[in-house]
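I have placed the structure first, in the form of C-alpha cells, so that the comments after it can refer back to it.
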Amino acid sequence: MAEPGGGRPRERVTPAPSTATRRRQGDPLHPGAWWLWALALGVAATRTTNPLLLALLVVVSAYVVAVRRPDAPWARSYSAFVKLALLVIVVRLLFAIVLGSPIPGTHVLLDLPEVPLPDWAQGIRLGGRVTAEALAFALYDGMKLATLLICVGAANALANPSRLLKSLPGALYEMGVAVVVALTFAPSLITDVQRLRAARRLRGRPDRGVRGLLQVGLPVLEGALERSVALAAAMDARGYGRTAQVPAGVRRTTAALTLGGLLGVCAGTYGLLTAEGAAYGVPVLLAGLAAALAGLRLGGRRSPRTRYRPDHWDARAWLVAGSGMVVAALLAVAAARDPAALHPGVVPLVAPALPLWPAAAVLVGLLPAFVTPAPEDTGKEPS
C-alpha cells in the first residue's frame, strides 16, 4: 500500500510472537507426567509373564526414549538400566540352575552333580537336574523384573531431575534441596578421586588397595566437608530452611495424614502386584493417595516459597500420563479375563502366543512419542 505522500509502498509487518507465546509453544513436558507414564508401564509389566508382551513393553518404552530423550548428562542413564535388567535375567537363570527350582519338568537339559546339604536346609538344593520348564519359568520371572527396571530407566532418561524436584510440594522442600545438593556434589567427588589417584601415580605411590584407598579417601572427605560447610553458610545467608509458624495441631495432623497415606499407598500397591490383593488394592491405594496429598498440602504451609517459571500440567501431560494408565488398566483387565494368555504355562511347556487386544493396548503407550515436544526444543530457553 502506497503512502499518502507518494513515497515507497509500506510493507505489511507481521508482529513477532510474544515471549509468553513462545514460552507456551516451547514448554517442555511436566516431569511428573513422564514418571506417571513410566510407572504405569511398569505396573502393566507386573500383570503378565508373557515374554512377548514384556518385550513389547520394552520396545514401546525404548522407542519413546529414542525419539524424546534430550541431549543431557542425566538422560544417559537408560543404557545403565538396560544393562542392569540384563544382569537381573542372567542372575535369575543362574539361581534356577545352581539352586534348582520347585517347578517340575520332564525335559532335562543338564544333570549337574548335587551337593548334599544338612537336614536344617530342607527345601534347598545345590546342583541336580536342570529342566527346560524350570529355565522357562525363571526367564519369564526375570523378564518381568527386567521390564520394570527398564521402565524406571525410561523415566530417568526423560524427566529432568532438577525440574522434577522443583515441582515437589512445599512439604518436601527440605528433602528436595538435599537431593539437589547430593546430585550436584556427586560429580565433584568423582573428579576429586580421579585427580588424586592421577597425582599419586605420577609420584610413584600406590593408588589401589587398602592403603591407596585411605590415602585417597581422606583428602576427598576433607574437601567434601569444606564444600559442605561453605554451602551451608551460603544457603543460610540466602534464607534456605526458613519455616513459617504452624500450630502444633496442624503439624500432628500433617504427620498422621502423610504417614498413613504412604502406608496406604504401599499396601494398595502390594495388593495390585499380587493376585490375592487385587480386590482391595485399588480402594486402599486411592485412599492412601488422598491422605498423602492432603498431608503434603498441609505440610506445605510450613515452607512458603515461590517458583520461578513453574512447570504447568497441561493437556499434553494428561495425555502422556493417561496413556500409561490406560495400558496398565487394560492389561489388568486382560489378566483377569484371560489369565492363560497373559501367564503362559510352563508345565506342560508350550510356546507363548501374542494376544492381540492386549498387544494393541500396549501400543497406546507410544502416544508420548507424538504429542510431546521434540528433544531439541526441550532444552531451549526463551530469549
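The chains in the C-alpha cells are called A, B, ... from first to last as shown; in each chain the residues are counted from 1, and the ligands are counted from 1 in the order shown.
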Quick one: everything within 9 Å of Ser77 of chain A, counting only C-alpha atoms, minus sequence neighbours fewer than 2 positions away in the same chain. Send it as a count of residues only.
11
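Considering only segment 70-239 of chain A, backbone DSSP assigns strand (DSSP E or B) to Val108, Leu109, Leu110, Asp111, Leu112, Pro113, Glu114, Val115, Leu126, Gly127, Gly128, Arg129, Val130 and Thr131 of chain A.
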What's around Val130 of chain A at 8 Å? Count only C-alpha atoms, leave out sequence neighbours fewer than 2 positions away in its own chain, and write the answer as a count of residues only.
12
Just the residues within 12 Å of Ala287 of chain A, please, counting only C-alpha atoms, with nothing from its chain fewer than 3 positions along; format it as a VMD selection string.
chain A and resid 257 to 258 260 to 269 280 to 284 290 to 294
Write the residues you've just listed into a file as a PDB file, in the first residue's frame, and include C-alpha atoms for each of them.
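part32.pdb written:
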ATOM      1  CA  LEU A 257      -2.066 -37.914  57.140  1.00  0.00           C
ATOM      2  CA  THR A 258       1.300 -38.204  55.394  1.00  0.00           C
ATOM      3  CA  GLY A 260      -0.976 -43.010  56.985  1.00  0.00           C
ATOM      4  CA  GLY A 261      -1.265 -42.098  53.327  1.00  0.00           C
ATOM      5  CA  LEU A 262       2.151 -43.518  52.484  1.00  0.00           C
ATOM      6  CA  LEU A 263       1.315 -46.737  54.324  1.00  0.00           C
ATOM      7  CA  GLY A 264      -1.932 -46.921  52.376  1.00  0.00           C
ATOM      8  CA  VAL A 265      -0.075 -46.398  49.106  1.00  0.00           C
ATOM      9  CA  CYS A 266       2.348 -49.216  49.991  1.00  0.00           C
ATOM     10  CA  ALA A 267      -0.496 -51.580  50.973  1.00  0.00           C
ATOM     11  CA  GLY A 268      -2.500 -50.726  47.863  1.00  0.00           C
ATOM     12  CA  THR A 269       0.500 -51.165  45.588  1.00  0.00           C
ATOM     13  CA  TYR A 280      -8.661 -54.259  47.982  1.00  0.00           C
ATOM     14  CA  GLY A 281      -5.636 -52.837  46.148  1.00  0.00           C
ATOM     15  CA  VAL A 282      -7.383 -50.052  44.205  1.00  0.00           C
ATOM     16  CA  PRO A 283      -9.522 -48.578  47.034  1.00  0.00           C
ATOM     17  CA  VAL A 284      -6.657 -48.711  49.533  1.00  0.00           C
ATOM     18  CA  ALA A 290      -5.829 -38.861  49.004  1.00  0.00           C
ATOM     19  CA  ALA A 291      -4.486 -38.868  52.583  1.00  0.00           C
ATOM     20  CA  ALA A 292      -0.890 -38.345  51.436  1.00  0.00           C
ATOM     21  CA  LEU A 293      -1.845 -35.449  49.153  1.00  0.00           C
ATOM     22  CA  ALA A 294      -3.815 -33.828  51.954  1.00  0.00           C
TER      23      ALA A 294
END
Please give the complete set of residues from segment 251-356 of chain A that DSSP, run on the backbone, assigns to helix (DSSP H, G or I), formatted as a ChimeraX atom specification.
/A:251-273,278-302,315-337,339-342,356
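For the choices A:Phe370, A:Trp357, A:Tyr63, A:Trp318, the atom-to-atom distance to Val333 of chain A is smallest for A:Trp357 when using only C-alpha atoms.
The shortest atom-to-atom distance to Leu342 of chain A, with only C-alpha atoms taken into account, belongs to A:Leu52 out of A:Leu36, A:Val64, A:Ala328, A:Leu52.
Taking atom CA of Arg76 of chain A and atom CA of Ala33 of chain A as the two end points, the separation is 19.2 Å.
The space between atom CA of Leu94 of chain A and atom CA of Leu117 of chain A spans 19.1 Å.
The spacing separating atom CA of Ala332 of chain A from atom CA of Val60 of chain A amounts to 17.9 Å.
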Restricting the calculation to only C-alpha atoms, which member of A:Val216, A:Leu139, A:Leu148, A:Leu330 is positioned closest to Ala85 of chain A?
A:Leu148
Shell of 12 Å around Ser188 of chain A, only C-alpha atoms, local chain residues under 4 positions omitted, as a PDB file with C-alpha atoms, in the first residue's frame:
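Done, and the output landed in result-v2.pdb:
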ATOM      1  CA  VAL A 181      22.871 -30.862  46.648  1.00  0.00           C
ATOM      2  CA  ALA A 182      23.779 -34.563  46.527  1.00  0.00           C
ATOM      3  CA  LEU A 183      23.317 -34.696  42.748  1.00  0.00           C
ATOM      4  CA  THR A 184      25.410 -31.557  42.365  1.00  0.00           C
ATOM      5  CA  ASP A 192      38.482 -35.385  43.125  1.00  0.00           C
ATOM      6  CA  VAL A 193      39.089 -39.143  43.310  1.00  0.00           C
ATOM      7  CA  GLN A 194      40.388 -39.251  39.734  1.00  0.00           C
ATOM      8  CA  ARG A 195      42.624 -36.210  40.290  1.00  0.00           C
ATOM      9  CA  VAL A 220      38.377 -36.397  49.283  1.00  0.00           C
ATOM     10  CA  LEU A 221      36.443 -36.481  52.554  1.00  0.00           C
ATOM     11  CA  GLY A 223      37.370 -31.474  50.563  1.00  0.00           C
ATOM     12  CA  ALA A 224      33.739 -32.615  50.737  1.00  0.00           C
ATOM     13  CA  ARG A 227      32.474 -27.618  50.462  1.00  0.00           C
ATOM     14  CA  SER A 228      29.524 -28.669  52.624  1.00  0.00           C
TER      15      SER A 228
END
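Distances to Leu354 of chain A were evaluated for A:Val229, A:Ala341, A:Cys151, A:Leu296 using only C-alpha atoms, and the minimum falls at A:Ala341.
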For Trp37 of chain A, find every residue with an atom within 6 Å (counting only C-alpha atoms), except residues of its own chain fewer than 3 positions away, and show them as a ChimeraX atom specification.
/A:34,40,321,324
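Residue nearest Val59 of chain A within the list A:Gly204, A:Thr372, A:Leu363, A:Leu99: A:Leu363 [criterion: smallest interatomic distance, only C-alpha atoms].
With only C-alpha atoms as the atoms that count, the minimum distance from Ser162 of chain A to the choices A:Arg200, A:Gly365, A:Pro310, A:Ala230 is reached by A:Pro310.
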